[in-house]
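The data block below is upload.cif; it holds mmCIF, C-alpha atoms and all ligand atoms.
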data_data
#
loop_
_atom_site.group_PDB
_atom_site.id
_atom_site.type_symbol
_atom_site.label_atom_id
_atom_site.label_comp_id
_atom_site.auth_asym_id
_atom_site.auth_seq_id
_atom_site.Cartn_x
_atom_site.Cartn_y
_atom_site.Cartn_z
ATOM 1 C CA MET A 1 -21.074 34.828 -9.921
ATOM 2 C CA LYS A 2 -22.442 31.304 -9.873
ATOM 3 C CA HIS A 3 -23.098 29.599 -13.203
ATOM 4 C CA THR A 4 -26.706 28.902 -14.092
ATOM 5 C CA VAL A 5 -28.521 27.305 -16.985
ATOM 6 C CA THR A 6 -28.606 30.755 -18.606
ATOM 7 C CA SER A 7 -24.871 31.455 -18.363
ATOM 8 C CA ILE A 8 -23.988 27.941 -19.562
ATOM 9 C CA LYS A 9 -26.297 28.305 -22.586
ATOM 10 C CA ALA A 10 -24.848 31.785 -23.248
ATOM 11 C CA MET A 11 -21.300 30.371 -23.279
ATOM 12 C CA SER A 12 -22.345 27.821 -25.841
ATOM 13 C CA SER A 13 -24.105 30.430 -28.032
ATOM 14 C CA LYS A 14 -20.940 32.548 -28.022
ATOM 15 C CA GLY A 15 -18.848 29.516 -28.972
ATOM 16 C CA GLU A 16 -16.982 29.511 -25.639
ATOM 17 C CA ALA A 17 -15.869 26.028 -24.586
ATOM 18 C CA ILE A 18 -17.621 24.781 -21.422
ATOM 19 C CA THR A 19 -15.422 22.936 -18.915
ATOM 20 C CA MET A 20 -16.796 20.229 -16.636
ATOM 21 C CA LEU A 21 -15.117 17.822 -14.212
ATOM 22 C CA THR A 22 -16.432 15.294 -11.742
ATOM 23 C CA ALA A 23 -15.995 15.773 -7.985
ATOM 24 C CA TYR A 24 -17.230 13.807 -5.002
ATOM 25 C CA ASP A 25 -15.897 15.590 -1.913
ATOM 26 C CA PHE A 26 -15.542 19.094 -0.439
ATOM 27 C CA PRO A 27 -11.768 19.709 -0.830
ATOM 28 C CA THR A 28 -11.612 18.541 -4.452
ATOM 29 C CA ALA A 29 -14.772 20.437 -5.390
ATOM 30 C CA LYS A 30 -13.327 23.596 -3.810
ATOM 31 C CA LYS A 31 -10.202 23.331 -5.987
ATOM 32 C CA VAL A 32 -12.306 22.674 -9.107
ATOM 33 C CA ASN A 33 -14.449 25.711 -8.235
ATOM 34 C CA ASP A 34 -11.396 27.892 -7.529
ATOM 35 C CA ALA A 35 -9.772 26.821 -10.809
ATOM 36 C CA GLY A 36 -12.731 28.358 -12.654
ATOM 37 C CA ILE A 37 -14.188 25.142 -14.044
ATOM 38 C CA ASP A 38 -17.745 25.893 -15.176
ATOM 39 C CA MET A 39 -19.602 22.767 -14.094
ATOM 40 C CA ILE A 40 -19.155 19.793 -11.764
ATOM 41 C CA LEU A 41 -20.844 16.444 -12.212
ATOM 42 C CA VAL A 42 -21.116 14.469 -9.002
ATOM 43 C CA GLY A 43 -21.138 11.289 -11.052
ATOM 44 C CA ASP A 44 -22.234 7.853 -9.972
ATOM 45 C CA SER A 45 -18.670 7.001 -11.076
ATOM 46 C CA CYS A 46 -18.234 7.760 -7.371
ATOM 47 C CA ALA A 47 -19.115 4.091 -6.727
ATOM 48 C CA MET A 48 -15.995 3.100 -8.695
ATOM 49 C CA VAL A 49 -13.416 5.833 -8.136
ATOM 50 C CA VAL A 50 -14.223 6.638 -4.484
ATOM 51 C CA HIS A 51 -15.829 3.471 -3.122
ATOM 52 C CA GLY A 52 -13.830 0.921 -5.147
ATOM 53 C CA HIS A 53 -16.768 -0.961 -6.696
ATOM 54 C CA PRO A 54 -16.231 -2.520 -10.157
ATOM 55 C CA THR A 55 -19.182 -0.665 -11.776
ATOM 56 C CA THR A 56 -21.388 2.376 -11.140
ATOM 57 C CA LEU A 57 -24.407 0.165 -10.434
ATOM 58 C CA THR A 58 -23.865 0.080 -6.678
ATOM 59 C CA ALA A 59 -24.222 3.850 -6.184
ATOM 60 C CA THR A 60 -27.314 4.543 -4.056
ATOM 61 C CA MET A 61 -29.429 7.650 -3.476
ATOM 62 C CA ASP A 62 -28.081 8.036 0.083
ATOM 63 C CA MET A 63 -24.477 7.718 -1.130
ATOM 64 C CA MET A 64 -25.028 10.248 -3.908
ATOM 65 C CA VAL A 65 -26.897 12.765 -1.737
ATOM 66 C CA LEU A 66 -24.066 12.728 0.827
ATOM 67 C CA HIS A 67 -21.367 13.314 -1.815
ATOM 68 C CA CYS A 68 -23.475 15.931 -3.635
ATOM 69 C CA ALA A 69 -24.035 17.922 -0.420
ATOM 70 C CA ALA A 70 -20.285 18.034 0.280
ATOM 71 C CA VAL A 71 -19.557 19.198 -3.268
ATOM 72 C CA ALA A 72 -22.356 21.798 -3.300
ATOM 73 C CA ARG A 73 -21.017 23.356 -0.062
ATOM 74 C CA ALA A 74 -17.696 24.008 -1.823
ATOM 75 C CA CYS A 75 -19.028 25.741 -4.931
ATOM 76 C CA ASP A 76 -19.802 29.449 -5.066
ATOM 77 C CA ARG A 77 -19.073 29.678 -8.799
ATOM 78 C CA THR A 78 -19.255 26.247 -10.391
ATOM 79 C CA MET A 79 -22.673 24.819 -11.286
ATOM 80 C CA VAL A 80 -23.159 21.436 -9.553
ATOM 81 C CA ILE A 81 -25.070 18.623 -11.258
ATOM 82 C CA ALA A 82 -26.113 15.457 -9.407
ATOM 83 C CA ASP A 83 -26.065 12.135 -11.221
ATOM 84 C CA MET A 84 -29.175 10.057 -10.508
ATOM 85 C CA PRO A 85 -27.990 6.536 -9.644
ATOM 86 C CA PHE A 86 -29.264 3.215 -10.990
ATOM 87 C CA GLY A 87 -32.693 2.443 -9.523
ATOM 88 C CA SER A 88 -33.530 6.066 -8.739
ATOM 89 C CA PHE A 89 -35.393 6.789 -12.003
ATOM 90 C CA GLN A 90 -36.356 3.353 -13.373
ATOM 91 C CA TYR A 91 -39.616 2.933 -11.414
ATOM 92 C CA GLY A 92 -42.557 5.352 -11.344
ATOM 93 C CA ILE A 93 -42.641 9.026 -12.296
ATOM 94 C CA ASP A 94 -43.471 9.974 -8.676
ATOM 95 C CA GLU A 95 -40.454 8.146 -7.272
ATOM 96 C CA THR A 96 -38.199 9.695 -9.929
ATOM 97 C CA MET A 97 -39.522 13.171 -9.072
ATOM 98 C CA ARG A 98 -39.047 12.569 -5.322
ATOM 99 C CA ASN A 99 -35.465 11.415 -5.882
ATOM 100 C CA ALA A 100 -34.669 14.409 -8.093
ATOM 101 C CA ALA A 101 -36.145 16.689 -5.424
ATOM 102 C CA ARG A 102 -33.933 15.115 -2.719
ATOM 103 C CA PHE A 103 -30.863 16.317 -4.626
ATOM 104 C CA ILE A 104 -32.200 19.863 -4.604
ATOM 105 C CA THR A 105 -33.565 20.053 -1.042
ATOM 106 C CA GLU A 106 -31.063 17.859 0.842
ATOM 107 C CA ALA A 107 -27.881 18.235 -1.216
ATOM 108 C CA LYS A 108 -28.577 21.734 -2.557
ATOM 109 C CA VAL A 109 -27.183 21.030 -6.024
ATOM 110 C CA ASP A 110 -28.117 23.113 -9.065
ATOM 111 C CA GLY A 111 -29.475 20.373 -11.315
ATOM 112 C CA VAL A 112 -29.639 16.668 -12.065
ATOM 113 C CA LYS A 113 -28.529 14.374 -14.873
ATOM 114 C CA PHE A 114 -29.598 10.857 -15.649
ATOM 115 C CA GLU A 115 -29.004 8.117 -18.184
ATOM 116 C CA ALA A 116 -32.451 8.525 -19.707
ATOM 117 C CA THR A 117 -33.396 6.185 -22.533
ATOM 118 C CA PRO A 118 -36.514 6.732 -24.711
ATOM 119 C CA HIS A 119 -38.474 5.018 -21.890
ATOM 120 C CA HIS A 120 -37.643 7.867 -19.551
ATOM 121 C CA ILE A 121 -38.737 10.852 -21.634
ATOM 122 C CA GLU A 122 -41.936 11.373 -19.602
ATOM 123 C CA LYS A 123 -39.854 11.337 -16.411
ATOM 124 C CA THR A 124 -37.423 13.835 -17.916
ATOM 125 C CA LYS A 125 -40.360 16.134 -18.744
ATOM 126 C CA ALA A 126 -41.769 15.710 -15.226
ATOM 127 C CA ILE A 127 -38.496 16.792 -13.583
ATOM 128 C CA VAL A 128 -38.145 19.709 -16.003
ATOM 129 C CA GLU A 129 -41.750 20.681 -15.104
ATOM 130 C CA MET A 130 -40.738 20.760 -11.429
ATOM 131 C CA GLY A 131 -38.348 23.554 -12.367
ATOM 132 C CA ILE A 132 -35.195 21.461 -11.909
ATOM 133 C CA PRO A 133 -32.458 21.934 -14.522
ATOM 134 C CA VAL A 134 -31.926 18.546 -16.190
ATOM 135 C CA MET A 135 -29.044 17.239 -18.304
ATOM 136 C CA GLY A 136 -29.418 14.300 -20.659
ATOM 137 C CA HIS A 137 -26.764 11.623 -21.217
ATOM 138 C CA VAL A 138 -26.476 9.772 -24.543
ATOM 139 C CA GLY A 139 -24.053 7.306 -26.111
ATOM 140 C CA LEU A 140 -22.471 4.988 -23.578
ATOM 141 C CA HIS A 141 -24.654 4.493 -20.514
ATOM 142 C CA PRO A 142 -22.337 2.935 -17.900
ATOM 143 C CA GLN A 143 -25.399 1.817 -15.910
ATOM 144 C CA ALA A 144 -26.180 -0.509 -18.858
ATOM 145 C CA VAL A 145 -22.737 -2.131 -18.702
ATOM 146 C CA GLY A 146 -24.257 -5.588 -18.240
ATOM 147 C CA ALA A 147 -26.579 -5.345 -21.254
ATOM 148 C CA LEU A 148 -23.859 -3.758 -23.403
ATOM 149 C CA GLY A 149 -21.300 -6.425 -22.476
ATOM 150 C CA GLY A 150 -18.788 -3.809 -21.302
ATOM 151 C CA LEU A 151 -18.025 -0.090 -21.400
ATOM 152 C CA LYS A 152 -17.864 0.236 -25.191
ATOM 153 C CA VAL A 153 -17.994 3.014 -27.774
ATOM 154 C CA GLN A 154 -21.546 3.651 -29.064
ATOM 155 C CA GLY A 155 -22.941 5.087 -32.310
ATOM 156 C CA LYS A 156 -20.403 3.530 -34.690
ATOM 157 C CA ASP A 157 -22.825 1.651 -36.936
ATOM 158 C CA MET A 158 -26.010 2.878 -38.611
ATOM 159 C CA ASP A 159 -28.501 1.603 -36.011
ATOM 160 C CA SER A 160 -26.472 2.693 -33.062
ATOM 161 C CA ALA A 161 -25.775 6.151 -34.585
ATOM 162 C CA ARG A 162 -29.514 6.612 -35.296
ATOM 163 C CA LYS A 163 -30.291 5.702 -31.681
ATOM 164 C CA VAL A 164 -27.865 8.340 -30.329
ATOM 165 C CA VAL A 165 -29.305 11.024 -32.657
ATOM 166 C CA ARG A 166 -32.923 10.066 -31.846
ATOM 167 C CA GLU A 167 -32.290 10.104 -28.107
ATOM 168 C CA SER A 168 -30.532 13.477 -28.261
ATOM 169 C CA LEU A 169 -33.433 15.046 -30.165
ATOM 170 C CA ALA A 170 -36.013 13.508 -27.804
ATOM 171 C CA LEU A 171 -34.144 14.785 -24.745
ATOM 172 C CA GLN A 172 -33.924 18.292 -26.168
ATOM 173 C CA GLU A 173 -37.651 18.124 -26.919
ATOM 174 C CA ALA A 174 -38.256 17.017 -23.313
ATOM 175 C CA GLY A 175 -36.600 20.208 -22.077
ATOM 176 C CA VAL A 176 -33.071 19.296 -20.964
ATOM 177 C CA PHE A 177 -30.689 22.269 -20.860
ATOM 178 C CA GLY A 178 -27.671 20.251 -22.006
ATOM 179 C CA ILE A 179 -26.634 16.768 -23.048
ATOM 180 C CA ILE A 180 -23.564 14.734 -22.083
ATOM 181 C CA ILE A 181 -22.302 12.631 -24.991
ATOM 182 C CA GLU A 182 -20.203 9.690 -23.809
ATOM 183 C CA ALA A 183 -17.939 7.443 -25.916
ATOM 184 C CA VAL A 184 -19.319 8.325 -29.345
ATOM 185 C CA PRO A 185 -17.289 8.877 -32.559
ATOM 186 C CA ALA A 186 -16.212 12.519 -32.911
ATOM 187 C CA LYS A 187 -17.999 12.991 -36.264
ATOM 188 C CA LEU A 188 -21.357 11.904 -34.814
ATOM 189 C CA SER A 189 -20.996 14.122 -31.704
ATOM 190 C CA ALA A 190 -20.120 17.101 -33.916
ATOM 191 C CA TYR A 191 -23.188 16.409 -36.075
ATOM 192 C CA ILE A 192 -25.452 16.200 -33.006
ATOM 193 C CA THR A 193 -23.942 19.389 -31.562
ATOM 194 C CA LYS A 194 -24.708 21.300 -34.768
ATOM 195 C CA LYS A 195 -28.211 19.828 -34.953
ATOM 196 C CA LEU A 196 -29.160 20.732 -31.357
ATOM 197 C CA ASP A 197 -29.845 24.124 -29.778
ATOM 198 C CA VAL A 198 -28.771 22.988 -26.300
ATOM 199 C CA PRO A 199 -25.052 22.624 -25.418
ATOM 200 C CA THR A 200 -23.387 19.219 -25.634
ATOM 201 C CA ILE A 201 -20.668 18.126 -23.236
ATOM 202 C CA SER A 202 -18.293 15.447 -24.471
ATOM 203 C CA ILE A 203 -16.695 12.696 -22.436
ATOM 204 C CA GLY A 204 -15.061 10.665 -25.150
ATOM 205 C CA GLY A 205 -17.163 12.432 -27.779
ATOM 206 C CA GLY A 206 -14.336 14.363 -29.447
ATOM 207 C CA PRO A 207 -13.667 18.072 -29.924
ATOM 208 C CA GLY A 208 -16.821 19.042 -31.830
ATOM 209 C CA CYS A 209 -18.989 19.421 -28.705
ATOM 210 C CA SER A 210 -19.831 22.601 -26.779
ATOM 211 C CA GLY A 211 -17.717 21.482 -23.828
ATOM 212 C CA GLN A 212 -15.608 18.729 -22.313
ATOM 213 C CA LEU A 213 -15.959 16.536 -19.220
ATOM 214 C CA LEU A 214 -13.432 14.233 -17.573
ATOM 215 C CA VAL A 215 -13.482 12.135 -14.417
ATOM 216 C CA THR A 216 -11.231 13.998 -11.974
ATOM 217 C CA PRO A 217 -9.384 10.973 -10.517
ATOM 218 C CA ASP A 218 -8.404 10.144 -14.145
ATOM 219 C CA VAL A 219 -7.158 13.723 -14.685
ATOM 220 C CA LEU A 220 -5.112 13.578 -11.481
ATOM 221 C CA GLY A 221 -3.758 10.070 -12.061
ATOM 222 C CA MET A 222 -5.384 8.720 -8.916
ATOM 223 C CA TYR A 223 -7.444 5.821 -10.235
ATOM 224 C CA ASP A 224 -5.764 2.885 -12.009
ATOM 225 C CA ASN A 225 -8.462 0.192 -11.956
ATOM 226 C CA PHE A 226 -9.983 1.283 -15.266
ATOM 227 C CA THR A 227 -8.830 4.095 -17.550
ATOM 228 C CA PRO A 228 -10.876 4.665 -20.714
ATOM 229 C CA SER A 229 -8.869 5.525 -23.838
ATOM 230 C CA PHE A 230 -10.481 9.007 -24.019
ATOM 231 C CA ALA A 231 -9.254 9.971 -20.535
ATOM 232 C CA LYS A 232 -6.152 12.163 -20.211
ATOM 233 C CA GLN A 233 -3.905 12.043 -17.146
ATOM 234 C CA TYR A 234 -2.610 15.566 -16.474
ATOM 235 C CA GLN A 235 -0.794 14.607 -13.270
ATOM 236 C CA HIS A 236 0.409 11.524 -11.430
ATOM 237 C CA PHE A 237 -0.919 12.356 -7.975
ATOM 238 C CA GLY A 238 -1.304 8.663 -7.156
ATOM 239 C CA ASP A 239 2.493 8.198 -7.409
ATOM 240 C CA MET A 240 3.069 11.457 -5.521
ATOM 241 C CA MET A 241 0.812 10.211 -2.718
ATOM 242 C CA ILE A 242 2.708 6.930 -2.403
ATOM 243 C CA ASP A 243 6.046 8.844 -2.264
ATOM 244 C CA THR A 244 4.596 11.190 0.376
ATOM 245 C CA PHE A 245 3.261 8.378 2.576
ATOM 246 C CA LYS A 246 6.621 6.558 2.305
ATOM 247 C CA LYS A 247 8.440 9.707 3.422
ATOM 248 C CA TYR A 248 6.103 10.090 6.419
ATOM 249 C CA LYS A 249 6.686 6.421 7.353
ATOM 250 C CA GLU A 250 10.475 6.876 7.123
ATOM 251 C CA GLU A 251 10.385 10.030 9.280
ATOM 252 C CA VAL A 252 8.227 8.418 11.973
ATOM 253 C CA GLU A 253 10.401 5.304 12.018
ATOM 254 C CA SER A 254 13.647 7.316 12.194
ATOM 255 C CA GLY A 255 12.309 9.797 14.805
ATOM 256 C CA VAL A 256 12.548 12.851 12.523
ATOM 257 C CA PHE A 257 8.777 13.430 12.863
ATOM 258 C CA PRO A 258 7.374 14.970 14.999
ATOM 259 C CA GLY A 259 10.099 17.552 15.618
ATOM 260 C CA GLU A 260 9.950 20.582 17.912
ATOM 261 C CA LYS A 261 7.936 22.568 15.341
ATOM 262 C CA HIS A 262 5.109 20.026 15.394
ATOM 263 C CA SER A 263 4.957 19.555 19.209
ATOM 264 C CA TYR A 264 3.199 21.659 21.881
ATOM 265 C CA LYS A 265 5.321 23.318 24.618
ATOM 266 C CA MET A 266 4.729 23.395 28.386
ATOM 267 C CA SER A 267 6.603 25.131 31.221
ATOM 268 C CA ASP A 268 9.083 23.057 33.298
ATOM 269 C CA GLU A 269 7.233 24.016 36.492
ATOM 270 C CA VAL A 270 4.086 22.167 35.412
ATOM 271 C CA LEU A 271 6.056 19.014 34.652
ATOM 272 C CA GLU A 272 7.990 19.303 37.937
ATOM 273 C CA ALA A 273 4.662 19.639 39.792
ATOM 274 C CA ILE A 274 3.252 16.583 37.983
ATOM 275 C CA GLU A 275 6.377 14.547 38.867
ATOM 276 C CA LYS A 276 6.049 15.612 42.494
ATOM 277 C CA GLU A 277 2.393 14.622 42.605
ATOM 278 C CA TYR A 278 2.570 11.298 40.675
ATOM 279 C CA GLY A 279 6.242 10.389 41.041
ATOM 280 C CA PRO A 280 8.878 10.174 38.281
ATOM 281 C CA ALA A 281 7.937 8.486 35.003
HETATM 282 O O1 LIG B 301 -20.711 9.079 -13.368
HETATM 283 C C1 LIG B 301 -20.085 9.775 -14.171
HETATM 284 O O2 LIG B 301 -18.980 10.250 -13.910
HETATM 285 C C2 LIG B 301 -20.723 9.994 -15.473
HETATM 286 C C3 LIG B 301 -19.869 10.532 -16.572
HETATM 287 C C4 LIG B 301 -18.935 9.480 -17.030
HETATM 288 C C5 LIG B 301 -20.693 11.092 -17.658
HETATM 289 O O3 LIG B 301 -21.874 9.715 -15.626
#
Encoded form using structure tokens:
Amino acid sequence: MKHTVTSIKAMSSKGEAITMLTAYDFPTAKKVNDAGIDMILVGDSCAMVVHGHPTTLTATMDMMVLHCAAVARACDRTMVIADMPFGSFQYGIDETMRNAARFITEAKVDGVKFEATPHHIEKTKAIVEMGIPVMGHVGLHPQAVGALGGLKVQGKDMDSARKVVRESLALQEAGVFGIIIEAVPAKLSAYITKKLDVPTISIGGGPGCSGQLLVTPDVLGMYDNFTPSFAKQYQHFGDMMIDTFKKYKEEVESGVFPGEKHSYKMSDEVLEAIEKEYGPA
């Protein structure tokens, strides 16, 4: 059965750890779904890890809707959450609502998430009012990389910790069904998790959250341009891919590939008839 807001909240109430990964394409999403991962975030990290941009700021609505639709088609179990890109929720409430709706009607995802600051609480409420499941995102907001002077841990000092707590409480009040906590000291995330009724999902927020999220190309060892210290590489698929492509190159160059098994057959009579008609090659 497909995960919903209700089943995700129930997992958290029972103390079951929620698992979440990012995905951006059909084949990867299918494997994440088949592995039994509970939730997928189609993150705007897509701009970096798929499109090769230096930050997430260049993700657009059209880019995100296309990736979200591919991911949603692959998931019959995993709940799919679309990440609203920079510029899609910073203007009016109407435009924010229209963009959130595009993810539901065009991409057919199950919910949206955005890097809402206190300025976006009314917009969060408006999307919740539309009946769309919404996730909050506190701590490090990668879309604010310029203002923050880099992708840095948040909530370490008094003011910053207060801000993370305040934002989490305001988002819960606005009606989000869960909150992603990014790059925040483990003690603060654990405190927020205990304080809130809604589940928290950590990405660099330590073990005291209701669940964990990682960026899939980091997990697979497929993205080397930037690896945050909280990311864990479970495999080295990037190296495996290079070895595989080298092997293919060697086989083509030495004539091993394609062999008989990978070639179509034809009767001699057809070839003889062709030679008769067009002359020998
Ligand atoms: O885009 C993304 O992958 C994200 C996570 C890092 C939370 O927003």
Test item: residues no farther than 7 Å from ligand LIG 301 (chain B), counting only C-alpha atoms and all ligand atoms, as a VMD selection string: chain A and resid 22 41 to 46 83 180 182 203 215
Same residues, C-alpha atoms, saved as a PDB file, in the frame of the given file:
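Result written to result10.pdb:
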ATOM      1  CA  THR A  22     -16.432  15.294 -11.742  1.00  0.00           C
ATOM      2  CA  LEU A  41     -20.844  16.444 -12.212  1.00  0.00           C
ATOM      3  CA  VAL A  42     -21.116  14.469  -9.002  1.00  0.00           C
ATOM      4  CA  GLY A  43     -21.138  11.289 -11.052  1.00  0.00           C
ATOM      5  CA  ASP A  44     -22.234   7.853  -9.972  1.00  0.00           C
ATOM      6  CA  SER A  45     -18.670   7.001 -11.076  1.00  0.00           C
ATOM      7  CA  CYS A  46     -18.234   7.760  -7.371  1.00  0.00           C
ATOM      8  CA  ASP A  83     -26.065  12.135 -11.221  1.00  0.00           C
ATOM      9  CA  ILE A 180     -23.564  14.734 -22.083  1.00  0.00           C
ATOM     10  CA  GLU A 182     -20.203   9.690 -23.809  1.00  0.00           C
ATOM     11  CA  ILE A 203     -16.695  12.696 -22.436  1.00  0.00           C
ATOM     12  CA  VAL A 215     -13.482  12.135 -14.417  1.00  0.00           C
TER      13      VAL A 215
END
Result set of the PyMOL selection byres (((chain A and resi 222-227) around 10) and not hetatm) on the coordinates above, as an MDAnalysis selection string: chainID A and resid 48:50 52:54 215:221 228:233 235:241
Residue contacts of region 132-143 of chain A (7 Å, all atoms listed in the file) excluding same-chain residues fewer than 6 positions away, as a PyMOL selection string: chain A and resi 56-57+86+111-116+151-155+164+167-168+171+176-184
Resolved residues for the PyMOL selection byres (((chain A and resi 71-81) around 7) and not hetatm) as number ranges by chain: A: 1-4, 23-26, 29-30, 33, 37-42, 67-70, 82-83, 107-113
Residue IDs satisfying the PyMOL selection byres (((chain A and resi 125) around 9) and not hetatm), as a PyMOL selection string: chain A and resi 120-124+126-130+171+173-176
Export C-alpha atoms of the chosen residues as a PDB file, in the coordinates of the input?
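Below you can see result-v1.pdb, which holds the result:
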ATOM      1  CA  HIS A 120     -37.643   7.867 -19.551  1.00  0.00           C
ATOM      2  CA  ILE A 121     -38.737  10.852 -21.634  1.00  0.00           C
ATOM      3  CA  GLU A 122     -41.936  11.373 -19.602  1.00  0.00           C
ATOM      4  CA  LYS A 123     -39.854  11.337 -16.411  1.00  0.00           C
ATOM      5  CA  THR A 124     -37.423  13.835 -17.916  1.00  0.00           C
ATOM      6  CA  ALA A 126     -41.769  15.710 -15.226  1.00  0.00           C
ATOM      7  CA  ILE A 127     -38.496  16.792 -13.583  1.00  0.00           C
ATOM      8  CA  VAL A 128     -38.145  19.709 -16.003  1.00  0.00           C
ATOM      9  CA  GLU A 129     -41.750  20.681 -15.104  1.00  0.00           C
ATOM     10  CA  MET A 130     -40.738  20.760 -11.429  1.00  0.00           C
ATOM     11  CA  LEU A 171     -34.144  14.785 -24.745  1.00  0.00           C
ATOM     12  CA  GLU A 173     -37.651  18.124 -26.919  1.00  0.00           C
ATOM     13  CA  ALA A 174     -38.256  17.017 -23.313  1.00  0.00           C
ATOM     14  CA  GLY A 175     -36.600  20.208 -22.077  1.00  0.00           C
ATOM     15  CA  VAL A 176     -33.071  19.296 -20.964  1.00  0.00           C
TER      16      VAL A 176
END
